[in-house]
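Novice: Dumping the structure here so I can ask a few things about it.
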Amino acid sequence: MIVHKLLTGARILIVEDDAVQALDIASGLLEAGASIIGPAASLDEAAQLITEQPCTAAVLDLRVGNRNATSFAQGLLRKRIPFILCTGYPDSAFFSSESAGYKLVSKPVEIALVIRELAALIDAGNRVGQSRAPG
C-alpha cells in the first residue's frame with residue numbers, strides 16, 4: 001500500500017522520549033502529509049502541547065522516560081483522539097485487547113504500518129462523527 005499523503009491535513013502529536021525514534025516517526029508522518037505536534041519527550045510536555053494545539057491523532061510510546069503512559073492514553077480515549085501505542089512490551093496487561101480508538105504496534109516501529117493504522121483510525125473516527133451529525 002502506498003502511504004504517500006495518506007495523512008494530508010492530519011495533525012499528529014508524537015510522544016516519544018527517544019529522540020532518534022521520534023525524528024524517524026516525525027519524518028515518516030511528514031512524508032505522509034501530516035503536520036507534527038511535538039515531538040514531546042515527556043508526558044508533561046505532551047499534556048501541555050495537547051492543550052495548546054488540537055490534534056487529529058497521536059503516536060504514543062507506552063513508556064516515556066520512567067513513566068507509564070497508560071493514564072495519558074486513557075485521556076486520549078476519553079477525548080476521542082485516536083492513537084497508535086508503540087511498545088517494546090507487547091504483552092502489556094492494560095492494552096492486551098485493542099478497542100476502538102487505538103492500535104498497539106510493537107517496536108521497532110514500521111513507519112508504513114503506523115501511517116496506515118493512523119489513517120484507518122482517523123477515517124473510522126470521521127465516519128462515527130458523520131453518523132452522529134444531525135441529518
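Letters for chains follow the order of the C-alpha cells (A, B, ...), residue numbers begin at 1 for each chain, and ligand numbers begin at 1 in the order shown.
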Would you pick out the contacts of Pro82 in chain A at 8 Å or less, using only C-alpha atoms, so that residues sharing its chain but fewer than 2 positions from it are not included, and give the list as a PyMOL selection string?
Specialist: chain A and resi 56-58+76-77+80+84+101-102+118+121-122+125
Novice: I need the chosen residues saved as a JSON list (two decimals), in the first residue's frame, with C-alpha atoms.
Specialist:
[["chain", "number", "residue", "atom", "x", "y", "z"],
["A", 56, "THR", "CA", -6.23, 14.73, 14.97],
["A", 57, "ALA", "CA", -4.40, 11.70, 16.39],
["A", 58, "ALA", "CA", -1.28, 10.70, 18.30],
["A", 76, "LEU", "CA", -6.83, 10.41, 24.72],
["A", 77, "LEU", "CA", -9.56, 7.78, 24.57],
["A", 80, "ARG", "CA", -11.86, 10.56, 21.35],
["A", 84, "ILE", "CA", -1.03, 4.37, 17.95],
["A", 101, "GLY", "CA", -9.70, 4.36, 19.07],
["A", 102, "TYR", "CA", -6.22, 2.91, 19.18],
["A", 118, "LEU", "CA", -3.36, 6.12, 11.79],
["A", 121, "LEU", "CA", -8.24, 5.21, 12.86],
["A", 122, "ILE", "CA", -8.80, 8.77, 11.66],
["A", 125, "GLY", "CA", -13.41, 8.37, 13.76]]
Novice: As a PyMOL selection string, please: every residue in range 24-80 of chain A that DSSP puts in strand (DSSP E).
Specialist: chain A and resi 35-40+57-61+63-64+67-68
Novice: Could you check which of A:Arg63, A:Lys107, A:Arg116, A:Arg11 is closest to Gly88 in chain A, using only C-alpha atoms?
Specialist: A:Lys107
Novice: Write out as a PyMOL selection string each polymer residue whose atoms come within 9 Å of range 35-41 of chain A, counting only C-alpha atoms; drop sequence neighbours fewer than 3 positions from it.
Specialist: chain A and resi 7-19+22-23+26+29-30+44-47+49-50+53-55+58+64-65
Novice: Please report the interatomic distance between CA of Asp24 in chain A and CA of Glu110 in chain A in Å with one decimal.
Specialist: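 Between these atoms lies a distance of 10.0 Å.
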Novice: Write out as number ranges by chain all residues of chain A that DSSP puts in alpha helix (DSSP H) for this structure's backbone.
Specialist: A: 19-31, 43-52, 70-78, 111-132
Novice: Between A:Ile115, A:Ala100, A:Ala120, A:Cys86, which residue has the minimum interatomic distance to Leu62 in chain A, considering only C-alpha atoms?
Specialist: A:Cys86
Novice: As an exercise, work out the distance from CA of Asp61 in chain A to CA of Val20 in chain A in Å and give it to one decimal place.
Specialist: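 Rounded to one decimal, the two atoms are 13.1 Å apart.
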